[in-house]
Amino acid sequence: MSARPSIRAAYFTDSFEEVNGLARTSRELAGFTRRNGLPLLLVRPGEATASWSEGNQMHVQLHRAVTSIPVDSELSFDPLLPRHLLRLRTAVRRFRPDVIHVTGPGDIGLMGAYFSFYYGIPLVASWHNNLHELAARRLHLLLDHPLFSLVPRAYAGFVTELTERGALESVTLFYKLARRLFAPNPDLVRFLGEQTGKPVHLMPRAVDTTLFHPRRRLRQDGAFTLGFAGRLQPEKNVRLLAQVQRALPGGHHRFLIIGEGFEEAWLRRRLRRAEFRRFLDGAELASAYAGMDLFLNPSLTDTYGTSVHEALASGVPAVVMNQGGPQYLIETGVNGFVCQSEAHFVRRVAEQIANPVELPRMRLEARESACRVSWDRVFDDVYHVYEAACGHHPTDLRVAS
């Protein structure tokens, strides 16, 4: 560990126990600081409000009220969260952080930004979700509902574009509060730099390559298995899977869909040869990945693509789109395929089923590519950014007790 052990980081995350990339990253950061004896104040959501200390870590868990506003199937925004202000202020004053790290403009992230401003503590922020695109895609889906059939297409498009632009401006204002920013892929590094004028650092993710491993593949033959894992939401573009099925000849293939969400019922009605399994974790998820022959990620909005990385670690090549973070995990023809359009995506999948001769080689390449990034290396770099945000004088910035 090359980062200074004196850096005391307060980490405010809007997701921790859920099944998503942000929650996974947050849990891995907690594990990294525990292994390396680094002081960490971890503020996160949970089933009950509680505070406790555990070795070098101080935990504050906040329960969201029933009046919280749903943002996603796993995420909500509690406008009444400031009721915990006194508890958090006590924890921050007691911990005396050198830097505050927030994971976005959610309810807990906003609390972190508040304490940064109130106490003059350097703020860093990481970008995990394209919230402006999510808002636009949800609105677009809503306006496609039969109830809005009388709304002119041009007007619906105008409203959707206006919503995305307004959401982006609001989110950008939040990120401008931070001294330094993290982004999970090169496109977002450039984009955030242009939007905010702040230094932006690449913060990729890693996966547990011991857990996700080809040795968990138990099946030797059977139907060619096309896999998907993630939230079944509009922004994941999962309806493209139905187009894939229509392009495939009847016969020896099936879909394995892991996840749940608003689009599940729609997919169940249209995917004839599909097994649906709700969210899996641990060894059960790893075994499901390893049993796939080809992993499909049709999303245009994923900022990284943790499920793609997990599939690669399991020795499963992936087919992805040329927008978002997953494209940076794939080298076409080596460990998968990056597709330029939805039609190209469908065609690539059909070609691999018709002629799978290259798949054994690609499985080996997929595994090798997934092992190049480790969580220790990711967080080593994160702590260097913490140090830079503190101006190399962390002890001068601590909150007075």
# chains A, B, ... in the order shown; residues from 1 in each chain; ligands from 1
call {"tool": "closest_atom_pairs", "arguments": {"of": "region 46-140 of chain A", "to": "region 183-186 of chain A", "cutoff": "10 Å", "atoms": "only C-alpha atoms", "output": "tab-separated table"}}
result
residue	atom	partner	partner_atom	distance
A:Ala125	CA	A:Ala183	CA	9.0
A:Ser126	CA	A:Ala183	CA	6.0
A:Trp127	CA	A:Ala183	CA	5.2
A:His128	CA	A:Pro184	CA	7.0
A:Asn129	CA	A:Pro184	CA	9.6
call {"tool": "write_last_selection", "arguments": {"atoms": "N, CA and C atoms", "output": "PDB file, in the first residue's frame"}}
result
ATOM      1  N   ALA A 125     -15.739  13.361  -5.603  1.00  0.00           N
ATOM      2  CA  ALA A 125     -17.001  12.727  -5.980  1.00  0.00           C
ATOM      3  C   ALA A 125     -16.769  11.752  -7.117  1.00  0.00           C
ATOM      4  N   SER A 126     -17.474  10.637  -7.085  1.00  0.00           N
ATOM      5  CA  SER A 126     -17.364   9.652  -8.162  1.00  0.00           C
ATOM      6  C   SER A 126     -18.687   9.552  -8.908  1.00  0.00           C
ATOM      7  N   TRP A 127     -18.581   9.364 -10.204  1.00  0.00           N
ATOM      8  CA  TRP A 127     -19.740   9.231 -11.101  1.00  0.00           C
ATOM      9  C   TRP A 127     -19.969   7.745 -11.327  1.00  0.00           C
ATOM     10  N   HIS A 128     -21.162   7.277 -11.004  1.00  0.00           N
ATOM     11  CA  HIS A 128     -21.451   5.844 -11.155  1.00  0.00           C
ATOM     12  C   HIS A 128     -22.609   5.567 -12.101  1.00  0.00           C
ATOM     13  N   ASN A 129     -23.544   6.518 -12.239  1.00  0.00           N
ATOM     14  CA  ASN A 129     -24.709   6.300 -13.093  1.00  0.00           C
ATOM     15  C   ASN A 129     -24.973   7.538 -13.948  1.00  0.00           C
TER      16      ASN A 129
END
call {"tool": "residues_around", "arguments": {"residues": "Arg277 (chain A)", "least_positions_apart": "2", "cutoff": "12 Å", "atoms": "only C-alpha atoms", "output": "VMD selection string"}}
result
chain A and resid 227 to 232 255 to 261 264 268 274 to 275 279 to 281 284 to 285 288
call {"tool": "write_last_selection", "arguments": {"atoms": "N, CA and C atoms", "output": "tab-separated table (two decimals), in the first residue's frame"}}
result
chain	number	residue	atom	x	y	z
A	227	GLY	N	-26.58	-15.51	-22.12
A	227	GLY	CA	-26.83	-15.03	-20.78
A	227	GLY	C	-26.97	-13.52	-20.67
A	228	PHE	N	-27.73	-13.11	-19.68
A	228	PHE	CA	-27.83	-11.70	-19.29
A	228	PHE	C	-27.95	-11.66	-17.77
A	229	ALA	N	-27.27	-10.69	-17.14
A	229	ALA	CA	-27.38	-10.50	-15.69
A	229	ALA	C	-27.43	-9.01	-15.40
A	230	GLY	N	-28.43	-8.59	-14.65
A	230	GLY	CA	-28.55	-7.19	-14.31
A	230	GLY	C	-30.00	-6.81	-14.08
A	231	ARG	N	-30.22	-5.52	-13.85
A	231	ARG	CA	-31.58	-5.03	-13.63
A	231	ARG	C	-32.34	-5.03	-14.95
A	232	LEU	N	-33.56	-5.53	-14.92
A	232	LEU	CA	-34.39	-5.57	-16.13
A	232	LEU	C	-35.17	-4.26	-16.22
A	255	PHE	N	-32.05	-18.79	-23.46
A	255	PHE	CA	-31.62	-17.61	-22.72
A	255	PHE	C	-31.63	-17.92	-21.23
A	256	LEU	N	-30.63	-17.40	-20.53
A	256	LEU	CA	-30.61	-17.44	-19.07
A	256	LEU	C	-30.59	-15.99	-18.60
A	257	ILE	N	-31.70	-15.54	-18.01
A	257	ILE	CA	-31.87	-14.15	-17.60
A	257	ILE	C	-31.80	-14.07	-16.08
A	258	ILE	N	-30.79	-13.38	-15.56
A	258	ILE	CA	-30.62	-13.24	-14.12
A	258	ILE	C	-30.89	-11.79	-13.74
A	259	GLY	N	-31.91	-11.56	-12.94
A	259	GLY	CA	-32.25	-10.21	-12.52
A	259	GLY	C	-33.75	-10.01	-12.49
A	260	GLU	N	-34.16	-8.82	-12.09
A	260	GLU	CA	-35.57	-8.49	-12.05
A	260	GLU	C	-35.73	-6.99	-12.26
A	261	GLY	N	-36.96	-6.58	-12.56
A	261	GLY	CA	-37.20	-5.17	-12.81
A	261	GLY	C	-38.47	-4.97	-13.62
A	264	GLU	N	-39.38	-7.24	-16.77
A	264	GLU	CA	-39.42	-8.71	-16.65
A	264	GLU	C	-40.67	-9.29	-17.30
A	268	ARG	N	-40.78	-11.97	-20.36
A	268	ARG	CA	-41.35	-13.31	-20.16
A	268	ARG	C	-42.37	-13.64	-21.24
A	274	ALA	N	-36.43	-19.36	-22.54
A	274	ALA	CA	-35.72	-18.57	-21.54
A	274	ALA	C	-35.99	-19.09	-20.14
A	275	GLU	N	-34.94	-19.10	-19.35
A	275	GLU	CA	-35.06	-19.38	-17.91
A	275	GLU	C	-34.81	-18.07	-17.18
A	279	PHE	N	-32.34	-12.17	-8.74
A	279	PHE	CA	-30.96	-11.80	-8.43
A	279	PHE	C	-30.24	-12.91	-7.67
A	280	LEU	N	-29.07	-13.28	-8.15
A	280	LEU	CA	-28.23	-14.28	-7.51
A	280	LEU	C	-26.98	-13.59	-6.97
A	281	ASP	N	-26.29	-14.26	-6.08
A	281	ASP	CA	-25.05	-13.70	-5.55
A	281	ASP	C	-24.12	-14.85	-5.19
A	284	GLU	N	-23.56	-19.08	-6.30
A	284	GLU	CA	-24.68	-19.39	-7.18
A	284	GLU	C	-24.62	-18.54	-8.45
A	285	LEU	N	-24.30	-17.26	-8.29
A	285	LEU	CA	-24.16	-16.38	-9.45
A	285	LEU	C	-22.96	-16.80	-10.29
A	288	ALA	N	-23.74	-19.73	-12.40
A	288	ALA	CA	-24.65	-19.37	-13.50
A	288	ALA	C	-23.87	-18.73	-14.65
call {"tool": "residues_around", "arguments": {"residues": "Gly324 (chain A)", "least_positions_apart": "6", "cutoff": "6 Å", "atoms": "only C-alpha atoms", "output": "VMD selection string"}}
result
chain A and resid 300 to 303
call {"tool": "write_last_selection", "arguments": {"atoms": "N, CA and C atoms", "output": "CSV table (one decimal), in the first residue's frame"}}
result
chain,number,residue,atom,x,y,z
A,300,LEU,N,-27.0,0.7,-23.4
A,300,LEU,CA,-26.3,1.9,-24.0
A,300,LEU,C,-25.9,2.9,-22.9
A,301,THR,N,-26.2,2.6,-21.7
A,301,THR,CA,-26.0,3.6,-20.6
A,301,THR,C,-25.1,3.1,-19.5
A,302,ASP,N,-24.7,1.8,-19.5
A,302,ASP,CA,-23.9,1.3,-18.4
A,302,ASP,C,-22.6,2.2,-18.4
A,303,THR,N,-22.2,2.6,-17.2
A,303,THR,CA,-21.0,3.4,-17.1
A,303,THR,C,-19.7,2.5,-17.0
call {"tool": "residues_around", "arguments": {"residues": "Ala23 (chain A)", "least_positions_apart": "6", "cutoff": "12 Å", "atoms": "only C-alpha atoms", "output": "JSON list (two decimals) with C-alpha atoms, in the first residue's frame"}}
result
[["chain", "number", "residue", "atom", "x", "y", "z"],
["A", 12, "PHE", "CA", -20.86, 8.67, 1.81],
["A", 13, "THR", "CA", -22.55, 6.11, -0.46],
["A", 14, "ASP", "CA", -26.19, 5.89, -1.56],
["A", 15, "SER", "CA", -25.97, 2.13, -2.11],
["A", 16, "PHE", "CA", -24.22, -0.63, -0.15],
["A", 17, "GLU", "CA", -26.08, -3.92, 0.24],
["A", 29, "LEU", "CA", -13.58, -0.18, -0.54],
["A", 30, "ALA", "CA", -14.67, -1.09, 2.99],
["A", 44, "ARG", "CA", -24.51, 4.19, 4.05],
["A", 45, "PRO", "CA", -28.19, 3.20, 3.85],
["A", 46, "GLY", "CA", -29.52, 0.20, 5.75],
["A", 74, "GLU", "CA", -33.23, -0.87, -5.52],
["A", 75, "LEU", "CA", -32.66, 2.83, -4.95],
["A", 103, "THR", "CA", -20.81, 8.68, -4.78],
["A", 128, "HIS", "CA", -21.45, 5.84, -11.16],
["A", 129, "ASN", "CA", -24.71, 6.30, -13.09],
["A", 205, "ARG", "CA", -13.80, -1.67, -11.14],
["A", 306, "THR", "CA", -19.59, -5.09, -13.84]]
call {"tool": "atom_distance", "arguments": {"atom1": "CA of Asn56 (chain A)", "atom2": "CA of Val207 (chain A)"}}
result
24.2 Å
call {"tool": "select_by_dssp", "arguments": {"residues": "region 3-147 of chain A", "states": "alpha helix (DSSP H)", "output": "ChimeraX atom specification"}}
result
/A:21-36,85-95,107-119,131-143
call {"tool": "select_by_dssp", "arguments": {"residues": "region 274-361 of chain A", "states": "strand (DSSP E or B)", "output": "mmCIF file with C-alpha atoms, in the first residue's frame"}}
result
data_model
loop_
_atom_site.group_PDB
_atom_site.id
_atom_site.type_symbol
_atom_site.label_atom_id
_atom_site.label_comp_id
_atom_site.auth_asym_id
_atom_site.auth_seq_id
_atom_site.Cartn_x
_atom_site.Cartn_y
_atom_site.Cartn_z
ATOM 1 C CA ALA A 274 -35.715 -18.574 -21.541
ATOM 2 C CA GLU A 275 -35.055 -19.382 -17.914
ATOM 3 C CA PHE A 276 -35.627 -16.437 -15.575
ATOM 4 C CA ARG A 277 -33.840 -16.359 -12.264
ATOM 5 C CA LEU A 294 -22.072 -16.073 -24.683
ATOM 6 C CA PHE A 295 -22.926 -13.085 -22.499
ATOM 7 C CA LEU A 296 -25.165 -10.344 -23.919
ATOM 8 C CA ASN A 297 -25.144 -6.756 -22.675
ATOM 9 C CA ALA A 318 -19.419 -10.952 -24.289
ATOM 10 C CA VAL A 319 -21.304 -9.033 -26.961
ATOM 11 C CA VAL A 320 -21.789 -5.337 -26.091
ATOM 12 C CA MET A 321 -22.760 -2.052 -27.712
ATOM 13 C CA THR A 332 -13.533 -7.388 -30.830
ATOM 14 C CA GLY A 336 -16.027 -10.704 -27.407
ATOM 15 C CA PHE A 337 -17.540 -8.191 -29.812
ATOM 16 C CA VAL A 338 -18.293 -4.466 -29.720
ATOM 17 C CA CYS A 339 -21.275 -3.721 -31.958
#
call {"tool": "closest_residue", "arguments": {"among": "A:Ala283, A:Leu267, A:Val308, A:Ala206", "to": "Arg377 (chain A)", "atoms": "only C-alpha atoms"}}
result
A:Ala206
call {"tool": "atom_distance", "arguments": {"atom1": "CA of Gln323 (chain A)", "atom2": "CA of Ser299 (chain A)"}}
result
7.9 Å
call {"tool": "residues_around", "arguments": {"residues": "Met58 (chain A)", "least_positions_apart": "5", "cutoff": "12 Å", "atoms": "only C-alpha atoms", "output": "list in words"}}
result
Arg8, Ala9, Ala10, Tyr11, Ala30, Thr33, Arg34, Leu38, Pro39, Leu40, Leu41, Leu42, Val43, Arg44, Ala50, Ser51, Trp52, Ser53, Leu88, Thr90, Ala91, Val92, Arg93, Arg94, Phe95, Arg96 and Pro97 of chain A
